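K.L.:
Hey, dropping entry_10.txt in here, compact mmCIF, C-alpha atoms:
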```txt
# COMPACT_ATOMS: atom_id res chain seq x y z
CA MET A 125 -18.89 -26.43 -12.70
CA SER A 126 -15.36 -25.58 -11.70
CA ARG A 127 -14.77 -22.09 -10.44
CA SER A 128 -12.01 -20.03 -12.03
CA VAL A 129 -9.84 -17.29 -10.51
CA LYS A 130 -12.39 -14.59 -11.27
CA ASP A 131 -15.12 -16.44 -9.37
CA VAL A 132 -13.08 -16.61 -6.18
CA ILE A 133 -10.86 -13.51 -6.09
CA PRO A 134 -12.50 -10.04 -5.75
CA VAL A 135 -12.84 -8.34 -9.12
CA GLY A 136 -11.01 -5.22 -7.86
CA HIS A 137 -7.81 -7.21 -7.31
CA ILE A 138 -8.07 -8.90 -10.70
CA TYR A 139 -8.54 -5.48 -12.32
CA ILE A 140 -5.38 -4.17 -10.62
CA ARG A 141 -3.44 -7.30 -11.59
CA ASP A 142 -4.40 -6.87 -15.26
CA ASN A 143 -3.37 -3.21 -15.12
CA VAL A 144 0.01 -4.00 -13.60
CA LEU A 145 0.79 -6.87 -15.96
CA ASP A 146 -0.55 -5.32 -19.19
CA LYS A 147 -0.09 -1.59 -18.74
CA ASP A 148 2.60 -1.51 -16.03
CA THR A 149 0.66 0.99 -13.91
CA LEU A 150 -1.65 0.72 -10.92
CA THR A 151 -4.83 2.33 -12.24
CA GLY A 152 -4.65 1.49 -15.94
CA VAL A 153 -4.90 5.18 -16.84
CA SER A 154 -2.61 5.62 -19.83
CA GLU A 155 -0.35 8.57 -19.26
CA SER A 156 3.35 9.26 -19.51
CA LYS A 157 5.06 8.11 -16.31
CA ALA A 158 7.66 10.86 -16.27
CA LEU A 159 5.26 13.79 -16.68
CA TRP A 160 5.98 15.11 -13.18
CA ALA A 161 9.76 15.16 -13.81
CA LYS A 162 9.78 16.97 -17.15
CA ASP A 163 11.20 20.25 -15.78
CA LEU A 164 13.58 18.70 -13.29
CA ASN A 165 16.50 17.68 -15.54
CA LEU A 166 16.99 14.33 -13.86
CA ALA A 167 19.74 12.16 -15.35
CA LYS A 168 19.19 8.44 -15.75
CA LYS A 169 22.55 7.61 -14.23
CA ALA A 170 23.46 8.91 -10.79
CA GLU A 171 24.72 7.71 -7.43
CA TYR A 172 21.19 7.18 -6.17
CA THR A 173 18.22 6.30 -8.36
CA PHE A 174 14.87 7.68 -7.28
CA PHE A 175 11.95 5.25 -7.47
CA ALA A 176 8.86 7.40 -7.99
CA ALA A 177 6.33 4.53 -8.29
CA CYS A 178 2.69 4.80 -9.40
CA GLY A 179 1.23 5.80 -6.03
CA TYR A 180 1.62 9.57 -5.89
CA GLN A 181 1.18 10.17 -9.63
CA HIS A 182 -2.00 8.15 -9.93
CA MET A 183 -3.64 9.08 -6.64
CA LYS A 184 -5.71 11.84 -8.28
CA TYR A 185 -7.10 9.22 -10.67
CA VAL A 186 -7.69 6.75 -7.84
CA GLU A 187 -9.61 9.52 -6.06
CA ALA A 188 -11.72 10.12 -9.20
CA MET A 189 -12.28 6.41 -9.81
CA MET A 190 -13.29 5.79 -6.19
CA GLY A 191 -15.81 8.62 -6.51
CA ALA A 192 -17.23 7.03 -9.68
CA LEU A 193 -17.34 3.64 -7.99
CA ARG A 194 -19.20 5.03 -4.99
CA SER A 195 -21.84 6.66 -7.19
CA ALA A 196 -22.15 3.42 -9.17
CA ARG A 197 -22.76 1.55 -5.92
CA LYS A 198 -25.51 3.99 -5.03
CA MET A 199 -27.18 3.04 -8.31
CA GLY A 200 -26.83 -0.61 -7.37
CA MET A 201 -23.81 -1.36 -9.57
CA GLY A 202 -21.00 -3.29 -7.95
CA MET A 203 -17.32 -3.20 -8.90
CA GLY A 204 -17.88 -6.23 -11.15
CA LYS A 205 -20.40 -4.39 -13.33
CA VAL A 206 -18.25 -1.26 -13.50
CA VAL A 207 -15.21 -3.25 -14.66
CA GLY A 208 -17.44 -5.12 -17.12
CA VAL A 209 -18.67 -1.87 -18.68
CA SER A 210 -15.11 -0.50 -18.99
CA LYS A 211 -14.01 -3.77 -20.68
CA LEU A 212 -16.93 -3.51 -23.11
CA PHE A 213 -15.83 -0.01 -24.09
CA SER A 214 -12.21 -1.07 -24.50
CA LYS A 215 -13.37 -3.73 -26.98
CA LEU A 216 -14.83 -0.86 -29.00
CA GLY A 217 -11.44 0.84 -28.84
CA LEU A 218 -12.45 3.38 -26.19
CA ASP A 219 -10.34 3.66 -23.04
CA ILE A 220 -13.24 4.72 -20.81
CA THR A 221 -11.17 4.41 -17.60
CA THR A 222 -8.63 6.97 -18.79
CA ILE A 223 -11.33 9.28 -20.12
CA THR A 224 -13.48 9.26 -16.96
CA ALA A 225 -10.47 9.48 -14.64
CA LYS A 226 -8.99 12.43 -16.54
CA ILE A 227 -12.27 14.34 -16.75
CA THR A 228 -13.31 13.82 -13.14
CA ALA A 229 -9.83 14.13 -11.55
CA SER A 230 -9.58 17.17 -9.32
CA LYS A 231 -7.46 20.02 -10.71
CA ASP A 232 -6.22 20.63 -7.19
CA ASP A 233 -3.88 17.65 -6.92
CA PRO A 234 -1.88 17.52 -3.67
CA TYR A 235 -0.22 14.17 -4.44
CA THR A 236 2.04 14.63 -7.51
CA PRO A 237 3.87 17.70 -6.02
CA VAL A 238 5.18 15.39 -3.28
CA LEU A 239 7.48 13.79 -5.87
CA ILE A 240 8.80 17.18 -6.96
CA SER A 241 9.35 18.11 -3.29
CA ALA A 242 11.24 14.85 -2.74
CA ILE A 243 13.69 15.65 -5.54
CA SER A 244 14.10 19.25 -4.41
CA LEU A 245 14.66 18.04 -0.84
CA LEU A 246 17.37 15.59 -1.92
CA ARG A 247 19.08 18.26 -4.02
CA LYS A 248 19.08 20.73 -1.13
CA LEU A 249 20.85 18.10 0.96
CA GLY A 250 23.43 17.54 -1.77
CA VAL A 251 22.38 14.06 -2.90
CA ASP A 252 23.24 13.07 -6.46
CA VAL A 253 19.89 11.69 -7.60
CA GLY A 254 18.69 10.23 -10.91
CA TYR A 255 15.44 8.80 -12.27
CA LEU A 256 14.64 6.19 -14.94
CA HIS A 257 11.79 8.26 -16.47
CA GLU A 258 9.62 6.21 -18.87
CA GLU A 259 11.68 3.09 -18.22
CA GLU A 260 10.79 2.89 -14.53
CA PRO A 261 8.71 -0.26 -13.99
CA CYS A 262 5.73 -0.66 -11.65
CA CYS A 263 6.99 -2.63 -8.64
CA GLY A 264 3.86 -4.81 -8.66
CA SER A 265 3.38 -4.99 -4.90
CA PRO A 266 -0.48 -4.79 -5.12
CA ILE A 267 -0.53 -8.11 -6.98
CA TYR A 268 1.68 -9.67 -4.33
CA TYR A 269 -0.69 -8.65 -1.54
CA ALA A 270 -3.65 -9.86 -3.62
CA GLY A 271 -2.09 -13.33 -3.62
CA PHE A 272 -0.93 -13.64 -7.26
CA GLU A 273 2.45 -15.01 -6.24
CA ASP A 274 3.57 -16.56 -9.55
CA ASP A 275 2.62 -13.48 -11.60
CA TYR A 276 4.46 -11.35 -9.08
CA ALA A 277 7.64 -13.43 -9.13
CA GLU A 278 7.75 -13.19 -12.92
CA HIS A 279 7.09 -9.44 -12.84
CA ALA A 280 9.76 -8.88 -10.18
CA THR A 281 12.39 -10.81 -12.15
CA LYS A 282 11.61 -8.74 -15.24
CA ASN A 283 11.93 -5.52 -13.21
CA TYR A 284 15.26 -6.59 -11.75
CA GLU A 285 16.62 -7.05 -15.27
CA ILE A 286 15.43 -3.53 -16.16
CA PHE A 287 17.22 -2.07 -13.13
CA LYS A 288 20.38 -4.01 -13.98
CA SER A 289 20.32 -2.91 -17.63
CA PHE A 290 20.46 0.72 -16.46
CA GLY A 291 23.27 0.01 -14.01
CA VAL A 292 21.17 0.89 -10.97
CA LYS A 293 22.93 0.16 -7.67
CA ARG A 294 21.19 2.23 -5.01
CA LEU A 295 17.46 2.91 -4.98
CA ILE A 296 15.62 5.55 -2.98
CA GLY A 297 11.97 4.71 -2.49
CA LEU A 298 9.22 7.08 -1.47
CA VAL A 299 5.98 5.06 -1.48
CA PRO A 300 6.24 2.79 1.61
CA ALA A 301 4.63 -0.28 0.00
CA CYS A 302 6.90 -0.17 -3.06
CA THR A 303 10.01 0.45 -0.98
CA ALA A 304 9.16 -2.46 1.34
CA ALA A 305 8.58 -4.69 -1.68
CA LEU A 306 11.87 -3.73 -3.34
CA LYS A 307 13.75 -4.11 -0.08
CA ASN A 308 12.21 -7.17 1.56
CA VAL A 309 10.06 -9.10 -0.93
CA TYR A 310 12.14 -9.00 -4.13
CA PRO A 311 15.13 -10.82 -2.56
CA ARG A 312 12.83 -13.75 -1.79
CA TYR A 313 12.00 -14.25 -5.47
CA ILE A 314 15.22 -13.19 -7.20
CA LYS A 315 18.51 -15.05 -6.86
CA GLY A 316 21.51 -12.83 -6.22
CA TYR A 317 19.46 -9.67 -5.68
CA ASP A 318 21.97 -6.97 -4.80
CA LEU A 319 20.19 -3.61 -5.06
CA GLU A 320 20.66 -1.39 -2.06
CA VAL A 321 17.21 -0.04 -1.21
CA GLN A 322 16.40 2.62 1.33
CA HIS A 323 13.49 4.87 2.09
CA LEU A 324 13.84 8.59 1.47
CA LEU A 325 13.38 9.39 5.17
CA GLU A 326 16.33 7.19 6.16
CA LEU A 327 18.63 9.06 3.80
CA VAL A 328 17.19 12.48 4.66
CA GLY A 329 17.55 11.81 8.39
CA LYS A 330 21.18 10.80 7.91
CA LYS A 331 21.98 13.82 5.72
CA LEU A 332 20.29 16.25 8.13
CA LYS A 333 22.50 14.97 10.92
CA GLU A 334 25.66 15.07 8.81
CA THR A 335 25.16 18.57 7.44
CA GLY A 336 23.70 20.02 10.62
CA ILE A 337 21.05 21.89 8.62
CA ARG A 338 18.03 22.84 10.73
CA PRO A 339 14.73 23.07 8.87
CA LYS A 340 12.60 26.03 9.92
CA LEU A 341 8.94 26.84 9.41
CA LYS A 342 7.70 30.39 8.83
CA GLU A 343 4.76 30.14 11.21
CA LYS A 344 4.18 27.99 14.27
CA VAL A 345 1.95 24.95 13.75
CA THR A 346 0.78 22.04 15.86
CA VAL A 347 1.23 18.75 14.01
CA THR A 348 0.55 15.09 14.57
CA TYR A 349 1.93 12.15 12.61
CA HIS A 350 0.15 9.14 11.12
CA ASP A 351 2.45 6.13 10.66
CA PRO A 352 1.68 4.29 7.41
CA CYS A 353 1.64 0.54 8.16
CA GLN A 354 4.10 -0.32 5.42
CA LEU A 355 6.54 2.20 6.86
CA SER A 356 6.18 1.45 10.56
CA ARG A 357 5.72 -2.32 10.56
CA TYR A 358 7.12 -3.57 7.24
CA LEU A 359 10.12 -1.22 6.99
CA GLU A 360 10.24 -0.62 10.76
CA LEU A 361 10.84 3.11 10.41
CA THR A 362 9.15 4.78 13.35
CA HIS A 363 12.13 6.58 14.83
CA GLU A 364 13.37 8.47 11.72
CA PRO A 365 10.17 10.39 10.84
CA ARG A 366 9.77 11.47 14.49
CA GLU A 367 13.36 12.62 14.71
CA ILE A 368 12.91 14.64 11.51
CA ILE A 369 9.65 16.20 12.72
CA ARG A 370 11.22 17.14 16.06
CA SER A 371 14.20 18.73 14.28
CA ILE A 372 11.95 21.22 12.46
CA GLU A 373 11.91 24.58 14.21
CA GLY A 374 8.56 26.25 14.80
CA MET A 375 6.61 23.05 15.10
CA GLU A 376 4.79 21.62 18.07
CA PHE A 377 4.52 17.82 17.85
CA VAL A 378 1.62 16.06 19.57
CA GLU A 379 0.90 12.35 19.36
CA PRO A 380 -2.17 10.21 19.95
CA ASP A 381 -2.27 7.47 22.60
CA PRO A 382 0.95 5.34 22.59
CA GLU A 383 -1.21 2.33 21.68
CA GLN A 384 -2.23 4.17 18.50
CA CYS A 385 1.06 5.48 17.15
CA GLY A 386 4.50 4.25 16.17
CA LYS A 387 4.49 0.55 15.52
CA TRP A 388 1.01 0.30 17.04
CA SER A 389 -0.48 2.91 14.71
CA THR A 390 -3.97 2.07 13.54
CA CYS A 391 -4.64 1.40 9.87
CA CYS A 392 -6.11 4.12 7.62
CA GLY A 393 -8.23 1.59 5.72
CA GLY A 394 -6.18 1.75 2.52
CA GLY A 395 -4.13 -1.09 1.10
CA GLY A 396 -6.57 -2.21 -1.58
CA LEU A 397 -9.56 -2.26 0.72
CA GLU A 398 -10.91 0.89 -0.98
CA ALA A 399 -11.48 -1.14 -4.13
CA THR A 400 -12.99 -4.26 -2.57
CA HIS A 401 -14.80 -3.05 0.57
CA PRO A 402 -15.37 0.74 0.14
CA GLU A 403 -17.81 1.12 3.07
CA LEU A 404 -15.61 -0.76 5.55
CA SER A 405 -12.56 1.15 4.31
CA GLU A 406 -14.32 4.44 4.99
CA ARG A 407 -15.38 3.42 8.51
CA ILE A 408 -11.78 2.45 9.35
CA ALA A 409 -10.52 5.78 7.99
CA VAL A 410 -13.06 7.69 10.10
CA ARG A 411 -11.96 5.84 13.24
CA ARG A 412 -8.31 6.62 12.51
CA ALA A 413 -9.05 10.27 11.72
CA GLU A 414 -10.93 10.64 15.00
CA GLU A 415 -7.94 9.29 16.96
CA LEU A 416 -5.70 11.83 15.24
CA LEU A 417 -8.17 14.72 15.65
CA GLU A 418 -8.31 14.11 19.40
CA THR A 419 -4.73 15.38 19.67
CA GLY A 420 -5.99 18.84 18.68
CA ALA A 421 -3.36 19.25 15.98
CA SER A 422 -4.08 21.55 13.04
CA VAL A 423 -1.96 19.52 10.61
CA ILE A 424 -1.86 15.75 10.11
CA LEU A 425 1.41 14.59 8.59
CA SER A 426 1.68 11.30 6.79
CA ASN A 427 4.00 9.74 4.33
CA CYS A 428 2.05 7.46 2.03
CA PRO A 429 -0.23 8.26 -0.95
CA ALA A 430 -2.99 5.91 0.23
CA CYS A 431 -3.00 7.29 3.79
CA ASP A 432 -2.93 10.87 2.42
CA LEU A 433 -5.95 10.11 0.24
CA GLN A 434 -7.96 8.31 2.93
CA LEU A 435 -7.32 10.88 5.65
CA THR A 436 -7.89 13.89 3.37
CA ARG A 437 -11.23 12.49 2.27
CA VAL A 438 -12.64 11.63 5.70
CA THR A 439 -11.39 14.74 7.48
CA LYS A 440 -13.18 16.77 4.80
CA LYS A 441 -16.27 14.64 5.28
CA LEU A 442 -16.14 15.05 9.07
CA GLY A 443 -15.89 18.82 8.55
CA ALA A 444 -12.72 19.04 10.64
CA SER A 445 -10.55 22.14 10.29
CA VAL A 446 -7.39 20.16 9.80
CA LYS A 447 -4.98 19.87 6.90
CA VAL A 448 -3.45 16.60 5.74
CA ILE A 449 0.04 17.23 4.35
CA ASP A 450 2.73 14.83 3.27
CA LEU A 451 5.79 15.04 5.52
CA VAL A 452 8.10 15.34 2.51
CA ARG A 453 6.28 18.44 1.27
CA LEU A 454 6.39 20.15 4.64
CA LEU A 455 10.09 19.35 5.10
CA ASP A 456 10.91 20.75 1.68
CA GLU A 457 9.05 23.96 2.58
CA ALA A 458 10.92 24.17 5.88
CA LEU A 459 14.29 23.95 4.13
CA GLU A 460 13.84 27.02 1.89
CA MET B 69 2.25 -25.25 -9.94
CA SER B 70 1.37 -28.77 -9.00
CA SER B 71 -0.96 -30.31 -6.47
CA SER B 72 1.99 -31.37 -4.28
CA GLN B 73 3.04 -27.71 -4.01
CA LEU B 74 -0.52 -26.91 -3.03
CA GLU B 75 -0.35 -29.51 -0.27
CA GLU B 76 2.89 -28.00 0.97
CA LEU B 77 1.19 -24.62 1.18
CA GLU B 78 -1.74 -26.18 3.04
CA LYS B 79 0.64 -27.67 5.57
CA GLU B 80 2.48 -24.40 6.02
CA ILE B 81 -0.78 -22.55 6.68
CA THR B 82 -2.24 -25.09 9.12
CA ASP B 83 1.11 -25.41 10.93
CA ASN B 84 1.15 -21.66 11.44
CA VAL B 85 -2.41 -21.67 12.78
CA GLN B 86 -1.50 -24.58 15.06
CA ARG B 87 1.06 -22.39 16.83
CA CYS B 88 -1.65 -19.92 17.87
CA TRP B 89 -2.23 -19.79 21.65
CA LYS B 90 -5.75 -18.48 21.16
CA CYS B 91 -4.97 -15.48 23.35
CA ARG B 92 -7.18 -13.41 20.99
CA MET B 93 -5.09 -10.28 21.40
CA CYS B 94 -5.11 -9.95 17.60
CA VAL B 95 -8.89 -9.51 17.63
CA ALA B 96 -8.59 -6.19 19.46
CA MET B 97 -5.69 -5.17 17.21
CA CYS B 98 -7.57 -5.70 13.94
CA PRO B 99 -8.89 -2.48 12.32
CA THR B 100 -11.65 -4.35 10.49
CA TYR B 101 -13.11 -5.90 13.67
CA GLU B 102 -16.56 -4.47 14.34
CA GLY B 103 -18.07 -7.09 16.61
CA TRP B 104 -18.12 -10.27 14.51
CA PHE B 105 -15.37 -12.79 15.18
CA THR B 106 -14.98 -13.54 11.45
CA GLN B 107 -14.05 -9.88 10.86
CA SER B 108 -10.87 -10.34 12.89
CA THR B 109 -7.47 -11.95 12.44
CA ALA B 110 -8.22 -14.92 14.70
CA GLY B 111 -11.54 -15.49 12.93
CA ARG B 112 -9.85 -15.52 9.55
CA LEU B 113 -7.21 -17.98 10.74
CA MET B 114 -9.86 -20.25 12.21
CA ALA B 115 -11.83 -20.19 8.96
CA ILE B 116 -8.76 -21.11 6.91
CA ASN B 117 -7.92 -23.95 9.26
CA LEU B 118 -11.45 -25.36 9.22
CA TYR B 119 -11.61 -25.13 5.44
CA ILE B 120 -8.28 -26.87 4.81
CA LYS B 121 -8.59 -29.53 7.50
CA HIS B 122 -12.29 -30.31 7.42
CA GLY B 123 -13.59 -28.74 4.21
CA LEU B 124 -15.97 -26.52 6.17
CA GLY B 125 -17.29 -23.38 4.45
CA SER B 126 -16.96 -22.37 0.83
CA GLU B 127 -14.18 -20.68 -1.11
CA GLU B 128 -16.42 -17.66 -1.68
CA GLU B 129 -16.99 -17.17 2.05
CA LEU B 130 -13.29 -17.63 2.73
CA SER B 131 -12.38 -15.15 0.01
CA ASN B 132 -14.77 -12.57 1.47
CA MET B 133 -13.11 -12.88 4.86
CA LEU B 134 -9.51 -12.96 3.66
CA TYR B 135 -9.79 -10.00 1.28
CA ALA B 136 -11.35 -7.82 3.97
CA CYS B 137 -7.93 -7.75 5.67
CA THR B 138 -5.93 -4.54 5.11
CA THR B 139 -2.59 -6.39 5.62
CA CYS B 140 -1.61 -3.69 8.12
CA ARG B 141 0.27 -6.26 10.28
CA ARG B 142 -0.84 -4.75 13.57
CA CYS B 143 -1.90 -8.22 14.73
CA GLN B 144 1.45 -9.69 13.79
CA GLU B 145 3.29 -7.08 15.83
CA ARG B 146 1.25 -8.03 18.91
CA CYS B 147 1.68 -11.74 18.19
CA ARG B 148 5.43 -11.33 17.88
CA MET B 149 5.54 -9.51 21.22
CA LEU B 150 3.83 -12.42 22.91
CA SER B 151 6.55 -14.63 21.39
CA THR B 152 4.22 -16.90 19.47
CA ASP B 153 5.53 -17.90 16.08
CA CYS B 154 2.15 -17.77 14.36
CA ARG B 155 2.76 -14.81 11.95
CA PRO B 156 -0.98 -14.16 11.44
CA ALA B 157 -0.73 -11.46 8.73
CA ASP B 158 1.71 -13.51 6.67
CA THR B 159 -0.54 -16.54 7.11
CA ILE B 160 -3.53 -14.59 5.77
CA LEU B 161 -1.41 -13.60 2.76
CA LYS B 162 -0.39 -17.26 2.31
CA ALA B 163 -4.06 -18.21 2.41
CA ARG B 164 -4.82 -15.68 -0.35
CA GLN B 165 -2.03 -17.23 -2.42
CA TYR B 166 -3.55 -20.61 -1.66
CA LEU B 167 -6.97 -19.56 -3.00
CA VAL B 168 -5.38 -18.12 -6.17
CA LYS B 169 -3.21 -21.18 -6.77
CA LYS B 170 -6.10 -23.55 -6.24
CA ALA B 171 -8.23 -21.67 -8.76
CA GLU B 172 -5.35 -21.45 -11.25
CA LEU B 173 -4.78 -25.18 -10.95
CA ARG B 174 -8.46 -25.81 -11.71
CA GLU B 175 -8.26 -23.50 -14.71
CA ALA B 176 -5.19 -25.30 -16.03
CA LYS B 177 -6.92 -28.68 -15.75
CA GLY B 178 -9.93 -27.43 -17.72
CA PRO B 179 -13.60 -28.13 -17.06
```
Please render this file's structure as structure tokens.
P.N.:
Amino acid sequence: MSRSVKDVIPVGHIYIRDNVLDKDTLTGVSESKALWAKDLNLAKKAEYTFFAACGYQHMKYVEAMMGALRSARKMGMGMGKVVGVSKLFSKLGLDITTITAKITASKDDPYTPVLISAISLLRKLGVDVGYLHEEEPCCGSPIYYAGFEDDYAEHATKNYEIFKSFGVKRLIGLVPACTAALKNVYPRYIKGYDLEVQHLLELVGKKLKETGIRPKLKEKVTVTYHDPCQLSRYLELTHEPREIIRSIEGMEFVEPDPEQCGKWSTCCGGGGLEATHPELSERIAVRRAEELLETGASVILSNCPACDLQLTRVTKKLGASVKVIDLVRLLDEALE
Amino acid sequence: MSSSQLEELEKEITDNVQRCWKCRMCVAMCPTYEGWFTQSTAGRLMAINLYIKHGLGSEEELSNMLYACTTCRRCQERCRMLSTDCRPADTILKARQYLVKKAELREAKGP
């Protein structure tokens, strides 16, 4: 008997691929993409176009789905069975994924506000920023890292046409994986790719220097920084976030061992591993959290939805009195 | 996708593995390494090489090993510093693409 794709590739990756290709989102939860931006009055055409991506908006659902998956595993049900059950329900016309995710998602969602902070931060620095709202495509980077190269190339070409049809010239990314994909991977699959892509921190760092604005925190805190791998090794941005953190008044910055930060920062166990190897992913996250806790900081800063999720979950589990906050949120607070 | 493209990919992967000095620095770099060689970058590369060149192991075993990688590229950073041109993380990604393409080719041919 010849084995097909679904016999060889982990079911979690196939599930994500189907979501990206059919529903144009990461988790398959059907929801308006521009919900977070409804009070922000963002124009579609502007000097810079903000790329919000699925990451931050869907992280509360990922959190809920991972919880459901873990309890299913305790009952002896693997990811394959769970996906099978959800497919069975969708044949009956019931979107069980959306229903479960929406019911079990925590009301206290720290991830979506990061997007609002990003826009407010850019506006405070005088950047003319726009957003494609419902028309913004999913960049598709999870399917690239899962190995579905042909599907990805097709998806990327389609996305490029969408960007071109809206006259997008400059993109600002926030999720490291999506920004790295738009900046470094898309040009490999699209002829004549000419979008100028940069990460939010690059632009913010530049603007802070130009305007001479000094962010200031109300109370003194000790912070440490976790470098997301896609930011430090794929986009090679290790200097900018540190410079920004050091520029904030009222903050003491401590770092783990030099072999565990910057471009040598250890992985948080995210990157799709949560869906395929949940136990291993958790052990990696615990190891990373312990390295960061050794610094004695009371706040862990990061800049990626997956790292935020992983570190928040394990620090809670370890019972550590530490807060995991996204750098963008803290910076926005410091610029009041 | 044709079988000649698949052979090209095979050659690219094995060529990359061939450049490895076997210094094993990537083993210590790998976040998934917990004592077993096959949980590390070098172990994954060795498994791919043995599978392509000698048909050792099964696709299922290979898939288990390859998809346990977080693609964090910490190994590749170390490898680059030692000036080897092996690109281990990219090679693991290529090997994932290889598994997908091989399965897709089988599906296209039919049973």
K.L.:
Nearest to chain B among A:Leu455, A:Leu433, A:Leu404, A:Val186, with distances taken over only C-alpha atoms: which residue is it?
P.N.:
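For chain B, the nearest of the given residues is A:Leu404.
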K.L.:
Just need the residues of chain A within 6 Å of chain B, counting only C-alpha atoms, so spit them out as a list in words.
P.N.:
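Here they are: Ser128, Val129, Val132, Gly271, Cys353 and Gly395 of chain A.
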K.L.:
Produce a file of the selected residues containing C-alpha atoms, as an mmCIF file, in the frame of the given file.
P.N.:
```cif
data_model
loop_
_atom_site.group_PDB
_atom_site.id
_atom_site.type_symbol
_atom_site.label_atom_id
_atom_site.label_comp_id
_atom_site.auth_asym_id
_atom_site.auth_seq_id
_atom_site.Cartn_x
_atom_site.Cartn_y
_atom_site.Cartn_z
ATOM 1 C CA SER A 128 -12.010 -20.030 -12.030
ATOM 2 C CA VAL A 129 -9.840 -17.290 -10.510
ATOM 3 C CA VAL A 132 -13.080 -16.610 -6.180
ATOM 4 C CA GLY A 271 -2.090 -13.330 -3.620
ATOM 5 C CA CYS A 353 1.640 0.540 8.160
ATOM 6 C CA GLY A 395 -4.130 -1.090 1.100
#
```
K.L.:
So, with all atoms listed in the file as the atoms that count, which of A:Tyr139, A:Phe213, A:Tyr310, A:Tyr349 lies closest to A:Thr400?
P.N.:
A:Tyr139
K.L.:
Report, in Å with one decimal, the straight-line distance from atom CA of B:Glu80 to atom CA of B:Gly125.
P.N.:
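These atoms are spaced 19.9 Å apart.
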K.L.:
To one decimal place, how far is atom CA of A:Thr151 from atom CA of A:Tyr185 in Å?
P.N.:
7.4 Å
K.L.:
How many Å lie between atom CA of A:Glu360 and atom CA of A:Tyr276, rounded to one decimal?
P.N.:
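Answer for the atom CA of A:Glu360 to atom CA of A:Tyr276 separation: 23.3 Å.
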K.L.:
Identify which of the residues A:Asp351, A:Glu273, A:Glu457, A:Glu320 lies closest to A:Glu373, counting only C-alpha atoms when measuring atom-to-atom distances.
P.N.:
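Once distances to A:Glu373 are computed over only C-alpha atoms, the minimum belongs to A:Glu457.
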K.L.:
Of the candidates A:Arg366, A:Pro266, A:His279, A:Glu460, which one gets nearest to A:Arg338 if we count only C-alpha atoms?
P.N.:
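Ranking A:Arg366, A:Pro266, A:His279, A:Glu460 by distance to A:Arg338, first place goes to A:Glu460.
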K.L.:
Between B:Arg148, B:Lys90, B:Lys79, B:Arg155, which has the minimum distance to B:Lys121 (counting only C-alpha atoms)?
P.N.:
B:Lys79
K.L.:
Closest to A:Asp142 among A:Ala196, A:Ile267, A:Leu325, A:Leu256, using all atoms listed in the file?
P.N.:
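Selected residue with least distance to A:Asp142: A:Ile267.
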K.L.:
What's the 7 Å shell around B:Thr82, counting only C-alpha atoms, without same-chain residues fewer than 4 positions away, as a VMD selection string?
P.N.:
chain B and resid 78 86 117
